[in-house]
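Notes follow the structure.
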Amino acid sequence: MADEYDFDLFTIGAGSGGVRASRVSAAHGARVAIAEEHRIGGTCVIRGCVPKKMLVYGAQFAEDLEDAKAFGWDIGEAKFDWVTLRDNVLTDIDRLNGLYTETLESHDVTIFHERVTLTGPHEITLESGKTVTAKNILIATGATPHVPDLPGAEHGITSNDAFHLDEIPKRALIVGGGYIANEFAGIFHQFGSKVTIINRSDTLLRSYDQSLRDRLLMISTAKGIQFHFNTTIDRIEKKDGALHVALDGADDMEVDCVLFATGRVPHTKGLGLEEVGVEIGDKGEVKVNEFSRTNIEHIYAVGDVTDRVQLTPVAIREGQAFADTVFGGEETTVDYDCIPSAVFSHPPIASVGMTEGEARNTLGGVRVYQSDFRPMKHVVAGRNERGLYKLVCDAANDRIVGIHMIAPEAPEIMQMAAVAVKAGLKKSDFDATMAIHPTMAEELVLLK
Ligand code: NDP
């Protein structure tokens with residue numbers, strides 16, 4: 001390949017998309033370098049999906065230990081120690097960080113543990129001052145938490161900090177009504193915090209089916225999480241170790257922690273992108289075509305920095321497609337249709353395809369099948385919490401166009417159900433499938 005350059009590919013950012021793209025490009029024979037200013041693994045592995053899921057598991061024990069009594073277990077007084085969980089999680093993150101590093105090294109990818117900037121169309125300058133050149137450049141710098149500009153915002157934290165807390169806040173105010181807000185509301189609540197969510201609009205989890213959103217709100221409220229909608233923060237003041245939060249839309253509050261979960265913005269600032277002429281969109285995202293190519297032919301971008309779909313598996317697919325296209329000799333695009341997703345709230349939500357509202361607006365006629373059930377485990381435990389499954393079908397041809405679930409294990413079940421929706425299966429295919437009894441998932445094939 002092009003020996004006039006130090007590398008065939010220089011990737012900026014070693015998160016999910018960047019690591020996949022670099023490893024596969026190297027496997028295709030490219031000479032690859034990658035730069036990462038934080039830790040190899042990126043948001044998902046180091047300060048996102050992975051440690052969050054471990055906290056979700058830890059949090060679930062609060063209810064499981066309580067419910068165990070109804071199943072005959074006497075476990076005495078249950079006590080929770082945050083520092084033990086936090087440190088065990090961080091230890092496992094260290095292990096994963098090591099595995100990701102090893103993967104790159106075993107593919108002979110050169111790793112630069114420092115921040116870099118583009119200083120020419122093919123030139124990258126490292127923080128140490130050294131410059132290297134590359135035939136192709138891949139921007140995979142992800143996104144960073146957005147913190148609203150308000151007086152005292154510096155007293156708040158973001159999800160980045162939530163994994164390193166010294167203690168679980170007794171009173172937590174969470175700003176935002178999306179993924180991170182609902183996931184951390186569940187986690188903090190189960191660990192004993194008094195949790196309040198405020199959101200600027202009256203809508204939680206905007207992209208999800210209305211029935212699921214209503215059910216999550218109902219269950220969360222019943223558990224004791226407070227919600228204030230159409231509410232924003234005017235200012236935060238720190239006094240005597242507590243945070244005094246002046247609100248517009250609700251009474252002022254005193255809390256121990258304010259967590260901003262108000263979206264994530266593409267990380268493009270200070271990388272030298274504009275200086276070399278890379279086109280940046282209104283939200284700060286790198287604009288790319290279907291092959292993840294920017295307006296500059298040899299500069300590409302994958303993952304959250306492009307603000308297409310901010311999900312790890314999507315970034316990984318984009319990284320793979322980039323490597324196969326540029327170094328594998330096979331032009332590959334990513335199919336963004338029917339992406340399943342989940343919110344690891346308590347209980348979790350999982351979804352694929354069109355919501356009922358979207359289907360009614362898009363298709364001629366829609367048939368909706370619904371199961372509103374109380375999981376067997378909850379019946380025995382005396383837990384009055386109901387699950388909801390919803391199947392949305394195109395009335396014209398019986399094809400399932402959406403599945404939406406809120407119930408324990410919904411994301412685990414959804415991964416398989418999403419295959420059926422992606423494959424274009426019909427309601428009659430579900431009907432023809434024998435149930436596995438007794439399970440929650442059988443509700444999906446017993447809908448009338
Ligand atoms: P979301 O986009 O899910 O939610 C952002 C929330 O903050 C919304 O309720 C929004 O309000 C509100 N908001 C947005 N901007 C402002 C602002 N300027 N001031 C006040 N409120 C604001 O973002 P998250 O931060 O929760 O998560 C970021 C992304 O990370 C997600 O979009 C998702 O792609 C990804 N993620 C995925 C997870 C998963 O797959 N389980 C888990 C965690 C994150 P409104 O909608 O009412 O306008």
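Starting from 1 in every chain, residues are counted up; chains themselves are A, B, ... following the order of the structure tokens, and ligands are numbered from 1 as listed.
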
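Residues of protein or nucleic acid lying within 6 Å of ligand 1, counting only C-alpha atoms and all ligand atoms, are Pro148, Gly176, Gly177, Gly178, Tyr179, Ile180, Ala181, Asn199, Arg200, Ser201, Thr203, Leu204, Arg206, Ala261, Thr262, Gly263, Arg264, Gln310, Leu311, Ser341, Ala342, Val343 and Phe344 of chain A.
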
- request: Enumerate as a ChimeraX atom specification all residues of range 365-414 of chain A assigned to helix (DSSP H, G or I) by DSSP on the backbone, naming them with the chain letters and numbers the document uses.
  value: /A:376-381,410-414

Using the selection just defined, write its residues with all heavy atoms as a compact mmCIF listing (two decimals), in the first residue's frame.
# COMPACT_ATOMS: atom_id res chain seq x y z
N MET A 376 -45.47 -14.24 36.73
CA MET A 376 -45.70 -15.24 37.78
C MET A 376 -44.87 -14.95 39.04
O MET A 376 -45.34 -15.07 40.16
CB MET A 376 -45.33 -16.61 37.21
CG MET A 376 -45.63 -17.77 38.13
SD MET A 376 -44.79 -19.23 37.50
CE MET A 376 -45.95 -19.81 36.29
N LYS A 377 -43.60 -14.56 38.79
CA LYS A 377 -42.71 -14.27 39.90
C LYS A 377 -43.28 -13.16 40.80
O LYS A 377 -43.19 -13.20 42.01
CB LYS A 377 -41.35 -13.85 39.33
CG LYS A 377 -40.17 -14.08 40.23
CD LYS A 377 -38.87 -13.83 39.49
CE LYS A 377 -38.38 -12.43 39.74
NZ LYS A 377 -37.05 -12.15 39.22
N HIS A 378 -43.87 -12.16 40.15
CA HIS A 378 -44.43 -11.04 40.90
C HIS A 378 -45.68 -11.47 41.67
O HIS A 378 -45.98 -10.94 42.74
CB HIS A 378 -44.81 -9.88 39.96
CG HIS A 378 -43.62 -9.16 39.39
ND1 HIS A 378 -42.33 -9.41 39.80
CD2 HIS A 378 -43.53 -8.17 38.45
CE1 HIS A 378 -41.49 -8.61 39.14
NE2 HIS A 378 -42.20 -7.86 38.31
N VAL A 379 -46.45 -12.41 41.10
CA VAL A 379 -47.68 -12.86 41.76
C VAL A 379 -47.30 -13.50 43.10
O VAL A 379 -47.84 -13.14 44.15
CB VAL A 379 -48.47 -13.86 40.87
CG1 VAL A 379 -49.69 -14.39 41.61
CG2 VAL A 379 -48.88 -13.20 39.56
N VAL A 380 -46.33 -14.43 43.06
CA VAL A 380 -45.91 -15.12 44.28
C VAL A 380 -45.34 -14.11 45.28
O VAL A 380 -45.59 -14.18 46.48
CB VAL A 380 -44.87 -16.22 43.96
CG1 VAL A 380 -44.39 -16.90 45.24
CG2 VAL A 380 -45.46 -17.25 43.01
N ALA A 381 -44.58 -13.15 44.77
CA ALA A 381 -43.91 -12.17 45.64
C ALA A 381 -44.89 -11.11 46.16
O ALA A 381 -44.52 -10.30 47.01
CB ALA A 381 -42.77 -11.51 44.88
N ALA A 410 -37.22 -8.16 29.27
CA ALA A 410 -37.71 -7.77 27.94
C ALA A 410 -36.57 -7.64 26.91
O ALA A 410 -36.71 -8.12 25.78
CB ALA A 410 -38.53 -6.48 28.02
N PRO A 411 -35.42 -7.03 27.27
CA PRO A 411 -34.36 -6.91 26.25
C PRO A 411 -33.84 -8.28 25.79
O PRO A 411 -33.49 -8.46 24.62
CB PRO A 411 -33.26 -6.12 26.96
CG PRO A 411 -33.98 -5.36 28.04
CD PRO A 411 -35.07 -6.27 28.50
N GLU A 412 -33.76 -9.25 26.72
CA GLU A 412 -33.27 -10.59 26.35
C GLU A 412 -34.22 -11.24 25.35
O GLU A 412 -33.80 -11.89 24.39
CB GLU A 412 -33.15 -11.48 27.60
CG GLU A 412 -32.19 -10.96 28.66
CD GLU A 412 -30.72 -11.04 28.24
OE1 GLU A 412 -30.41 -11.77 27.30
OE2 GLU A 412 -29.89 -10.35 28.87
N ILE A 413 -35.52 -11.07 25.59
CA ILE A 413 -36.52 -11.68 24.71
C ILE A 413 -36.53 -10.95 23.36
O ILE A 413 -36.65 -11.55 22.29
CB ILE A 413 -37.90 -11.63 25.38
CG1 ILE A 413 -37.87 -12.46 26.67
CG2 ILE A 413 -39.01 -12.11 24.44
CD1 ILE A 413 -39.03 -12.20 27.61
N MET A 414 -36.38 -9.63 23.44
CA MET A 414 -36.49 -8.81 22.22
C MET A 414 -35.41 -9.14 21.19
O MET A 414 -35.65 -9.08 19.98
CB MET A 414 -36.43 -7.32 22.58
CG MET A 414 -36.53 -6.40 21.39
SD MET A 414 -38.05 -6.69 20.45
CE MET A 414 -39.20 -5.74 21.43

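Taking only C-alpha atoms into account, Gly192 in chain A lies nearest to A:Asp81 out of the set A:Asp304, A:Asp108, A:Glu279, A:Asp81.
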
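Residues lying within 12 Å of Val366 in chain A, counting only C-alpha atoms and ignoring same-chain neighbours fewer than 4 positions away, are Met354, Thr355, Glu356, Gly357, Glu358, Ala359, Arg360, Asn361, Thr362, Leu391, Val392, Cys393, Asp394, Ala395, Ala396, Asn397, Asp398, Arg399, Ile400, Val401 and Gly402 of chain A.
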
Write to file, as a compact mmCIF listing (two decimals), in the first residue's frame, the residues of the selection just made, with all heavy atoms.
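Done, and the output landed in result.txt:
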# COMPACT_ATOMS: atom_id res chain seq x y z
N MET A 354 -41.78 -0.10 14.17
CA MET A 354 -42.62 1.09 14.34
C MET A 354 -43.42 1.05 15.63
O MET A 354 -43.92 -0.01 16.02
CB MET A 354 -43.62 1.16 13.19
CG MET A 354 -43.04 1.53 11.87
SD MET A 354 -44.42 1.80 10.70
CE MET A 354 -43.81 0.88 9.33
N THR A 355 -43.56 2.21 16.27
CA THR A 355 -44.49 2.31 17.39
C THR A 355 -45.90 2.27 16.80
O THR A 355 -46.09 2.42 15.57
CB THR A 355 -44.32 3.65 18.13
OG1 THR A 355 -44.64 4.71 17.21
CG2 THR A 355 -42.89 3.81 18.65
N GLU A 356 -46.89 2.12 17.68
CA GLU A 356 -48.28 2.12 17.18
C GLU A 356 -48.58 3.45 16.47
O GLU A 356 -49.15 3.46 15.38
CB GLU A 356 -49.26 1.89 18.33
CG GLU A 356 -50.70 1.84 17.86
CD GLU A 356 -51.70 1.64 18.98
OE1 GLU A 356 -51.30 1.26 20.11
OE2 GLU A 356 -52.91 1.86 18.72
N GLY A 357 -48.13 4.55 17.07
CA GLY A 357 -48.37 5.87 16.48
C GLY A 357 -47.74 6.00 15.10
O GLY A 357 -48.39 6.45 14.15
N GLU A 358 -46.50 5.56 14.98
CA GLU A 358 -45.80 5.65 13.68
C GLU A 358 -46.52 4.79 12.64
O GLU A 358 -46.70 5.20 11.49
CB GLU A 358 -44.36 5.17 13.80
CG GLU A 358 -43.42 6.17 14.48
CD GLU A 358 -42.10 5.56 14.95
OE1 GLU A 358 -41.93 4.31 14.84
OE2 GLU A 358 -41.27 6.31 15.45
N ALA A 359 -46.93 3.59 13.04
CA ALA A 359 -47.60 2.68 12.10
C ALA A 359 -48.92 3.30 11.63
O ALA A 359 -49.25 3.26 10.45
CB ALA A 359 -47.84 1.33 12.76
N ARG A 360 -49.67 3.90 12.55
CA ARG A 360 -50.96 4.51 12.17
C ARG A 360 -50.74 5.68 11.21
O ARG A 360 -51.54 5.92 10.32
CB ARG A 360 -51.73 4.97 13.41
CG ARG A 360 -52.25 3.80 14.24
CD ARG A 360 -53.37 4.18 15.19
NE ARG A 360 -53.71 3.06 16.05
CZ ARG A 360 -54.39 1.98 15.67
NH1 ARG A 360 -54.84 1.89 14.44
NH2 ARG A 360 -54.63 0.99 16.52
N ASN A 361 -49.63 6.41 11.41
CA ASN A 361 -49.36 7.54 10.51
C ASN A 361 -48.80 7.11 9.17
O ASN A 361 -48.90 7.84 8.19
CB ASN A 361 -48.34 8.49 11.16
CG ASN A 361 -48.96 9.25 12.30
OD1 ASN A 361 -50.17 9.45 12.34
ND2 ASN A 361 -48.14 9.67 13.26
N THR A 362 -48.20 5.91 9.11
CA THR A 362 -47.48 5.48 7.90
C THR A 362 -48.29 4.51 7.06
O THR A 362 -48.25 4.58 5.83
CB THR A 362 -46.15 4.77 8.29
OG1 THR A 362 -45.54 5.51 9.33
CG2 THR A 362 -45.21 4.66 7.13
N LEU A 391 -47.85 -5.93 19.98
CA LEU A 391 -47.45 -6.32 18.63
C LEU A 391 -48.21 -5.40 17.67
O LEU A 391 -49.43 -5.31 17.75
CB LEU A 391 -47.92 -7.76 18.40
CG LEU A 391 -47.05 -8.73 17.63
CD1 LEU A 391 -45.78 -8.99 18.41
CD2 LEU A 391 -47.80 -10.04 17.45
N VAL A 392 -47.48 -4.73 16.79
CA VAL A 392 -48.13 -3.83 15.83
C VAL A 392 -48.02 -4.47 14.45
O VAL A 392 -46.92 -4.80 14.00
CB VAL A 392 -47.45 -2.44 15.83
CG1 VAL A 392 -48.16 -1.49 14.89
CG2 VAL A 392 -47.41 -1.86 17.24
N CYS A 393 -49.16 -4.69 13.78
CA CYS A 393 -49.16 -5.38 12.49
C CYS A 393 -49.77 -4.51 11.40
O CYS A 393 -50.67 -3.71 11.66
CB CYS A 393 -49.99 -6.66 12.57
SG CYS A 393 -49.34 -7.81 13.76
N ASP A 394 -49.25 -4.70 10.20
CA ASP A 394 -49.82 -4.05 9.01
C ASP A 394 -51.09 -4.83 8.64
O ASP A 394 -51.02 -6.02 8.30
CB ASP A 394 -48.78 -4.11 7.88
CG ASP A 394 -49.24 -3.34 6.64
OD1 ASP A 394 -50.45 -3.07 6.53
OD2 ASP A 394 -48.38 -3.04 5.80
N ALA A 395 -52.26 -4.18 8.71
CA ALA A 395 -53.53 -4.88 8.48
C ALA A 395 -53.62 -5.41 7.05
O ALA A 395 -54.30 -6.40 6.79
CB ALA A 395 -54.70 -3.93 8.77
N ALA A 396 -52.89 -4.78 6.14
CA ALA A 396 -53.00 -5.18 4.73
C ALA A 396 -52.41 -6.56 4.47
O ALA A 396 -52.89 -7.30 3.61
CB ALA A 396 -52.29 -4.14 3.86
N ASN A 397 -51.36 -6.94 5.21
CA ASN A 397 -50.69 -8.20 4.91
C ASN A 397 -50.31 -9.01 6.15
O ASN A 397 -49.59 -9.99 6.04
CB ASN A 397 -49.44 -7.94 4.05
CG ASN A 397 -48.52 -6.91 4.72
OD1 ASN A 397 -48.62 -6.69 5.93
ND2 ASN A 397 -47.66 -6.27 3.95
N ASP A 398 -50.76 -8.58 7.33
CA ASP A 398 -50.53 -9.34 8.57
C ASP A 398 -49.07 -9.29 9.05
O ASP A 398 -48.69 -9.94 10.01
CB ASP A 398 -50.97 -10.81 8.32
CG ASP A 398 -51.12 -11.61 9.60
OD1 ASP A 398 -51.56 -11.03 10.60
OD2 ASP A 398 -50.77 -12.81 9.60
N ARG A 399 -48.23 -8.52 8.34
CA ARG A 399 -46.81 -8.46 8.71
C ARG A 399 -46.62 -7.70 10.03
O ARG A 399 -47.26 -6.66 10.26
CB ARG A 399 -46.02 -7.75 7.59
CG ARG A 399 -44.56 -8.16 7.53
CD ARG A 399 -43.95 -7.72 6.20
NE ARG A 399 -43.94 -6.27 6.07
CZ ARG A 399 -43.00 -5.48 6.58
NH1 ARG A 399 -41.99 -5.98 7.24
NH2 ARG A 399 -43.07 -4.18 6.42
N ILE A 400 -45.75 -8.23 10.87
CA ILE A 400 -45.47 -7.55 12.14
C ILE A 400 -44.50 -6.41 11.84
O ILE A 400 -43.39 -6.65 11.34
CB ILE A 400 -44.85 -8.51 13.17
CG1 ILE A 400 -45.81 -9.68 13.43
CG2 ILE A 400 -44.55 -7.78 14.48
CD1 ILE A 400 -45.20 -10.82 14.21
N VAL A 401 -44.89 -5.19 12.17
CA VAL A 401 -44.01 -4.04 11.88
C VAL A 401 -43.38 -3.45 13.14
O VAL A 401 -42.49 -2.61 13.06
CB VAL A 401 -44.77 -2.93 11.10
CG1 VAL A 401 -45.17 -3.43 9.72
CG2 VAL A 401 -45.98 -2.43 11.87
N GLY A 402 -43.86 -3.92 14.31
CA GLY A 402 -43.26 -3.42 15.55
C GLY A 402 -43.58 -4.32 16.72
O GLY A 402 -44.67 -4.90 16.77

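Residue nearest Asp6 in chain A within the list A:Asn136, A:Thr196, A:Ser25, A:Thr43: A:Asn136 [criterion: smallest interatomic distance, only C-alpha atoms].
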